[in-house]
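A short write-up of the structure that comes next.
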Amino acid sequence: MSDQASPCESIRFDGRLLFLSTDPALVSAQLAGRDLALVEAGSLRESVSTDEITPIPVLVHFDDELGRHPYVGFKAGDQLPIGVNAVRQGRFAVTVAGARYGKGSSREHSPVAERAAGIRLVIAESFERIYRQNADNVGLFTSTDFSLIERIQRGEAIPVDELVAGRDALAASILRHGGLLRYGRARMAGATPVPANPGDARPKTLFEKIVERHLLATPDTGDALVPGQGAFVRADRRFIHEYYTGMCAHLLDSSFGAGLVLHEPETILAFEDHLSYADRSPVHLGQNLLGHARHLSRAHRAFVRRHGLRQHGYLAGDPLDPEGTVWGAGSEGISHALVAERYALPGQLIVGTDSHTPHSGALGCVAFGVGTTDMANAFVTGAVRLTVPEVLRVELNGVLPAGVSAKDVVLHLLARADIRAGAGVGKAFEFAGPVVAVLSTDERTTLTNMTAELGGFTGLVAPDAETVRFLRERRGVDFVIEPWMCSDPGAFYAQVMTVDCSALSPMVAKPGDPGNGVPLSELSERVKPQIVYGGSCTAGKREDFDAYHAVLAWAAARGLKVPAEVKLYLQFGTADVRAYCEQRGYLTAFVAVGAELLAPACGACANCGPGSSTEATQVTISAINRNFPGRSGPGQVWLASPATVAASAIAGELVSFAELQQRG
């Protein structure tokens, strides 16, 4: 097949089919050489996450080496049946799985690893938005048509038209060109802003208004937003972190050569936020990955230096010294947390190489995550690809009871049957209602940040007086909200979800998936953790530390400490958050109860530092946003709010702050 496929061309997938079965014996049998029919594969795994396709340790690679590692974190039953290089050695060309394939992180390493291992097509019941877009961008076909399986096994060539059936025109064109960068070189030269249409007076959502103001006209996209169709938009801010920069530079150099000039480099931000505690990361130490981690930093810093980008790096050492990796000092902050703290403004459009980029949507902007190829294309053209989503409105009604936070609200939403069935996949979530109106911006970012776990494209809250307060107090910016910065009465929503927040109580999510939510009060047996972790972008903000302090200061005043068999880690999301805690005198109580304080970094949330488990039997109670298999080590991760996390650390078992107080 040539780089650009014509509509009449067909592809013969010369290789075997790998069925990702829930039965580890069937997976192992395929690796040993047995070919299965669909009816023999049994139940197919649903919700295969990118953490399983390419676990965090694999992300130190960004070239052909990735082809040795797809599915090494894939879990069938309680086993990890797929080893290093198994897919290549098995000569597999097609992967088959269940619903919601590619959940979780925006890491493009997953489809790149699959393609490098020989996979040319993934067939699944449904796909998560970022994964499928990343697959398009690297020329990996995806399909929900299970009738292809038998035809492929017969050796039949499949027409490209069938492989792109049901996809929007832009996605189809990108796949026919062999990926986004080839498409961009051929088709993006004439992209221009779409002029405002004064005749379009229909009521619109805030999401639509922002995107329309950033819409670009290209040969394969229209001049209006149509859900399900592809589009390109101009970004006000683009940001990247060290797990992606090396791959991005490699892609750009391969496609454009050494004379590359980036589009508006002054609007690009670069972060080192994942690996500053790699020297205390069990998995990085255990797999001898520190050399690879240094290689990532060198590639990142070389790209930053070459293009003169604004860098937020480690807190110690020369941030642009390619040999100057200083472990254990922490970073200036987690990328999307710092973007919200220092850069994002209402009405803007922001993209980053992280699935939790919607964090900044709490300030009334459209922020979403993209993969490496999307970012590489955006660096060169200034244009960002999206598939226009439908908008889903979440109305949070009533009054939040004492002890219930935004994290509890999100865990409740994640446990809803319609969300678990995929109602939020690819949607733009608009959070509104009386509860949202009284939430602080920090709490609102918890809602928009975890749009990623809800399966959404992005999440946002209309700017209001609270947004103005936040910008003035955090940045000294006197922002004036413009009249258009809200959704119009009568705007169309694909669905309106309502939540009676008055009926909520503290929530937890059982190990394996953030959607495994249950009210804490309904648990008859309470797990006893060995690790308790408070931090991450979701739970490392100022107001989160207010919650940790409220619990731990209460405990310290009564002489209570973290039990000897429990280790409590508190990790700041940004350097600004640590300074805030120091100014308010919080550190005294934290140290008094026995917490270990960690400088800002993604840390255990990304399995990159202290707080990660080392044994499958270990129990962690964590304030992070996702608990997919292997996410924070091999142990069992329970998700909870900051207050519940802190209370559980003191109690030595899973409890709410109210329950801890009742014990005296």
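FYI, nothing fancy with the structure tokens labels: chains A, B, ... in order, residues from 1 per chain, ligands from 1 as they appear.
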If we count only C-alpha atoms and set the cut-off at 10 Å, which residues sit around stretch 48-54 of chain A, ignoring sequence neighbours fewer than 5 positions away in its own chain? Please answer as a PDB file with C-alpha atoms, in the first residue's frame.
```pdb
ATOM      1  CA  LEU A  20      -7.781  -9.880  23.867  1.00  0.00           C
ATOM      2  CA  LEU A  59       7.036   5.474  27.858  1.00  0.00           C
ATOM      3  CA  LEU A  66       8.164   0.616  21.307  1.00  0.00           C
ATOM      4  CA  HIS A  69       6.176  -3.617  24.240  1.00  0.00           C
ATOM      5  CA  PRO A  70       2.472  -3.465  23.265  1.00  0.00           C
ATOM      6  CA  TYR A  71       0.058  -5.071  25.746  1.00  0.00           C
ATOM      7  CA  VAL A  72       2.704  -5.906  28.352  1.00  0.00           C
ATOM      8  CA  GLY A  73       0.335  -4.424  30.968  1.00  0.00           C
ATOM      9  CA  PHE A  74      -2.787  -6.123  29.578  1.00  0.00           C
ATOM     10  CA  LYS A  75      -4.636  -7.894  32.357  1.00  0.00           C
ATOM     11  CA  LEU A  80      -0.452 -10.374  32.620  1.00  0.00           C
ATOM     12  CA  ALA A  97     -11.203  -6.369  21.852  1.00  0.00           C
ATOM     13  CA  GLY A  98     -14.430  -5.293  23.561  1.00  0.00           C
ATOM     14  CA  ALA A  99     -15.970  -1.898  24.275  1.00  0.00           C
ATOM     15  CA  ARG A 100     -14.241   1.381  25.205  1.00  0.00           C
ATOM     16  CA  TYR A 101     -10.848   0.354  23.879  1.00  0.00           C
ATOM     17  CA  GLY A 102      -8.049   2.816  24.678  1.00  0.00           C
ATOM     18  CA  LYS A 103      -9.416   4.339  27.897  1.00  0.00           C
ATOM     19  CA  GLY A 104      -7.252   6.619  29.953  1.00  0.00           C
ATOM     20  CA  SER A 105      -4.125   8.522  29.037  1.00  0.00           C
ATOM     21  CA  SER A 106      -3.612  10.438  25.804  1.00  0.00           C
ATOM     22  CA  ARG A 107      -0.285   8.660  25.269  1.00  0.00           C
ATOM     23  CA  GLU A 108       0.260   8.094  21.554  1.00  0.00           C
ATOM     24  CA  HIS A 109       2.851   5.516  22.510  1.00  0.00           C
ATOM     25  CA  SER A 110       0.013   2.969  22.552  1.00  0.00           C
ATOM     26  CA  PRO A 111      -0.971   2.993  18.858  1.00  0.00           C
ATOM     27  CA  VAL A 112       2.658   3.656  17.882  1.00  0.00           C
ATOM     28  CA  ALA A 113       3.725   0.537  19.799  1.00  0.00           C
ATOM     29  CA  GLU A 114       0.947  -1.506  18.222  1.00  0.00           C
ATOM     30  CA  PHE A 127     -13.105   3.288  21.062  1.00  0.00           C
ATOM     31  CA  GLU A 128     -12.173   6.127  23.355  1.00  0.00           C
ATOM     32  CA  TYR A 131      -6.917   6.747  21.362  1.00  0.00           C
ATOM     33  CA  ASP A 513     -11.569   1.424  37.300  1.00  0.00           C
ATOM     34  CA  ALA A 606       1.845   8.077  36.962  1.00  0.00           C
ATOM     35  CA  ASN A 627      -6.952   3.402  39.200  1.00  0.00           C
ATOM     36  CA  PHE A 628      -6.662   1.271  36.090  1.00  0.00           C
ATOM     37  CA  PRO A 629      -4.601  -1.922  36.506  1.00  0.00           C
ATOM     38  CA  GLY A 630      -0.945  -1.026  37.028  1.00  0.00           C
ATOM     39  CA  ARG A 631      -1.634   2.706  37.152  1.00  0.00           C
ATOM     40  CA  SER A 632       0.100   3.325  40.478  1.00  0.00           C
TER      41      SER A 632
END
```
**OP:** Do a neighbour search on A:Gly259 at 12 Å with only C-alpha atoms, toss out local chain neighbours closer than 5 positions, and write the hits as a list in words.
**Re:** Leu252, Asp253, Ser254, Arg306, His307 and Val380 of chain A
Go ahead and save the picked residues with C-alpha atoms, as a JSON list (two decimals), in the first residue's frame.
```json
[["chain", "number", "residue", "atom", "x", "y", "z"],
["A", 252, "LEU", "CA", 9.20, 16.51, 13.10],
["A", 253, "ASP", "CA", 12.81, 15.88, 12.13],
["A", 254, "SER", "CA", 11.81, 12.85, 10.07],
["A", 306, "ARG", "CA", 16.62, 24.57, 19.84],
["A", 307, "HIS", "CA", 13.29, 26.37, 19.48],
["A", 380, "VAL", "CA", 4.24, 23.36, 12.64]]
```
Skipping near chain neighbours, those fewer than 6 positions away, what residues fall within 10 Å of A:Met485 using only C-alpha atoms, listed as a PDB file with N, CA and C atoms, in the first residue's frame?
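Saved as out38.pdb:
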```pdb
ATOM      1  N   THR A 205     -24.102  26.851  22.803  1.00  0.00           N
ATOM      2  CA  THR A 205     -23.414  26.584  24.063  1.00  0.00           C
ATOM      3  C   THR A 205     -22.112  27.379  24.097  1.00  0.00           C
ATOM      4  N   LEU A 206     -21.561  27.541  25.291  1.00  0.00           N
ATOM      5  CA  LEU A 206     -20.280  28.221  25.425  1.00  0.00           C
ATOM      6  C   LEU A 206     -19.200  27.462  24.659  1.00  0.00           C
ATOM      7  N   PHE A 207     -19.241  26.147  24.707  1.00  0.00           N
ATOM      8  CA  PHE A 207     -18.270  25.358  23.956  1.00  0.00           C
ATOM      9  C   PHE A 207     -18.315  25.720  22.474  1.00  0.00           C
ATOM     10  N   LYS A 209     -19.388  28.417  21.036  1.00  0.00           N
ATOM     11  CA  LYS A 209     -18.948  29.792  20.801  1.00  0.00           C
ATOM     12  C   LYS A 209     -17.424  29.897  20.789  1.00  0.00           C
ATOM     13  N   ILE A 210     -16.787  29.228  21.749  1.00  0.00           N
ATOM     14  CA  ILE A 210     -15.322  29.308  21.815  1.00  0.00           C
ATOM     15  C   ILE A 210     -14.695  28.644  20.597  1.00  0.00           C
ATOM     16  N   PRO A 346     -10.454  32.765  30.298  1.00  0.00           N
ATOM     17  CA  PRO A 346     -11.764  32.469  29.718  1.00  0.00           C
ATOM     18  C   PRO A 346     -11.794  32.760  28.221  1.00  0.00           C
ATOM     19  N   GLY A 347     -12.465  31.889  27.480  1.00  0.00           N
ATOM     20  CA  GLY A 347     -12.619  32.082  26.052  1.00  0.00           C
ATOM     21  C   GLY A 347     -11.494  31.539  25.201  1.00  0.00           C
ATOM     22  N   GLY A 364     -13.356  28.520  32.177  1.00  0.00           N
ATOM     23  CA  GLY A 364     -14.194  28.979  31.071  1.00  0.00           C
ATOM     24  C   GLY A 364     -13.509  28.979  29.738  1.00  0.00           C
ATOM     25  N   CYS A 365     -12.543  28.055  29.547  1.00  0.00           N
ATOM     26  CA  CYS A 365     -11.916  27.898  28.240  1.00  0.00           C
ATOM     27  C   CYS A 365     -12.152  26.475  27.759  1.00  0.00           C
ATOM     28  N   ALA A 462     -18.738  27.902  32.810  1.00  0.00           N
ATOM     29  CA  ALA A 462     -18.820  29.286  32.345  1.00  0.00           C
ATOM     30  C   ALA A 462     -18.162  30.223  33.356  1.00  0.00           C
ATOM     31  N   PRO A 463     -17.371  31.189  32.888  1.00  0.00           N
ATOM     32  CA  PRO A 463     -16.715  32.105  33.824  1.00  0.00           C
ATOM     33  C   PRO A 463     -17.723  32.987  34.538  1.00  0.00           C
ATOM     34  N   ASP A 464     -17.398  33.310  35.798  1.00  0.00           N
ATOM     35  CA  ASP A 464     -18.289  34.129  36.613  1.00  0.00           C
ATOM     36  C   ASP A 464     -17.451  34.922  37.614  1.00  0.00           C
TER      37      ASP A 464
END
```
**OP:** Fewer than 5 positions away in the same chain doesn't count, so skip those; otherwise give me all residues within 9 Å of A:Gly330, counting only C-alpha atoms, as number ranges by chain.
**Re:** A: 273, 275-277, 313-316, 575, 598-601
Subject >> Which of A:Gly139, A:Gly257, A:Gly517, A:Gly490 sits closest to A:Val409 [using only C-alpha atoms] >> reply: A:Gly517
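Proximity of A:Ala651, A:Val435, A:Asp418, A:Glu208 to A:Ser487, computed with only C-alpha atoms, is greatest for A:Glu208.
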**OP:** Would you list the contacts of A:Phe239 as a ChimeraX atom specification, taking every protein, DNA or RNA residue within 8 Å and counting only C-alpha atoms, but skipping same-chain residues closer than 5 positions in sequence?
**Re:** /A:268-271,335,351-353
Would you output that residue set with N, CA and C atoms, as a PDB file, in the first residue's frame?
```pdb
ATOM      1  N   ILE A 268       3.969  28.417  23.030  1.00  0.00           N
ATOM      2  CA  ILE A 268       4.192  27.013  23.383  1.00  0.00           C
ATOM      3  C   ILE A 268       4.848  26.930  24.754  1.00  0.00           C
ATOM      4  N   LEU A 269       4.382  26.010  25.574  1.00  0.00           N
ATOM      5  CA  LEU A 269       4.940  25.767  26.901  1.00  0.00           C
ATOM      6  C   LEU A 269       5.489  24.353  26.961  1.00  0.00           C
ATOM      7  N   ALA A 270       6.619  24.183  27.656  1.00  0.00           N
ATOM      8  CA  ALA A 270       7.236  22.868  27.812  1.00  0.00           C
ATOM      9  C   ALA A 270       7.406  22.566  29.298  1.00  0.00           C
ATOM     10  N   PHE A 271       7.129  21.330  29.685  1.00  0.00           N
ATOM     11  CA  PHE A 271       7.155  20.937  31.089  1.00  0.00           C
ATOM     12  C   PHE A 271       7.945  19.642  31.283  1.00  0.00           C
ATOM     13  N   SER A 335       1.995  19.904  34.597  1.00  0.00           N
ATOM     14  CA  SER A 335       1.772  20.771  33.443  1.00  0.00           C
ATOM     15  C   SER A 335       0.407  21.443  33.440  1.00  0.00           C
ATOM     16  N   VAL A 351      -4.484  23.290  24.144  1.00  0.00           N
ATOM     17  CA  VAL A 351      -4.257  21.862  23.932  1.00  0.00           C
ATOM     18  C   VAL A 351      -2.942  21.456  24.584  1.00  0.00           C
ATOM     19  N   GLY A 352      -2.906  20.228  25.086  1.00  0.00           N
ATOM     20  CA  GLY A 352      -1.702  19.704  25.703  1.00  0.00           C
ATOM     21  C   GLY A 352      -1.612  18.208  25.506  1.00  0.00           C
ATOM     22  N   THR A 353      -0.404  17.671  25.664  1.00  0.00           N
ATOM     23  CA  THR A 353      -0.201  16.236  25.477  1.00  0.00           C
ATOM     24  C   THR A 353      -0.478  15.487  26.772  1.00  0.00           C
TER      25      THR A 353
END
```
**OP:** Rounded to one decimal place, report the atom CA of A:Thr458-atom CA of A:Phe368 distance in Å.
**Re:**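 A separation of 5.4 Å between them.
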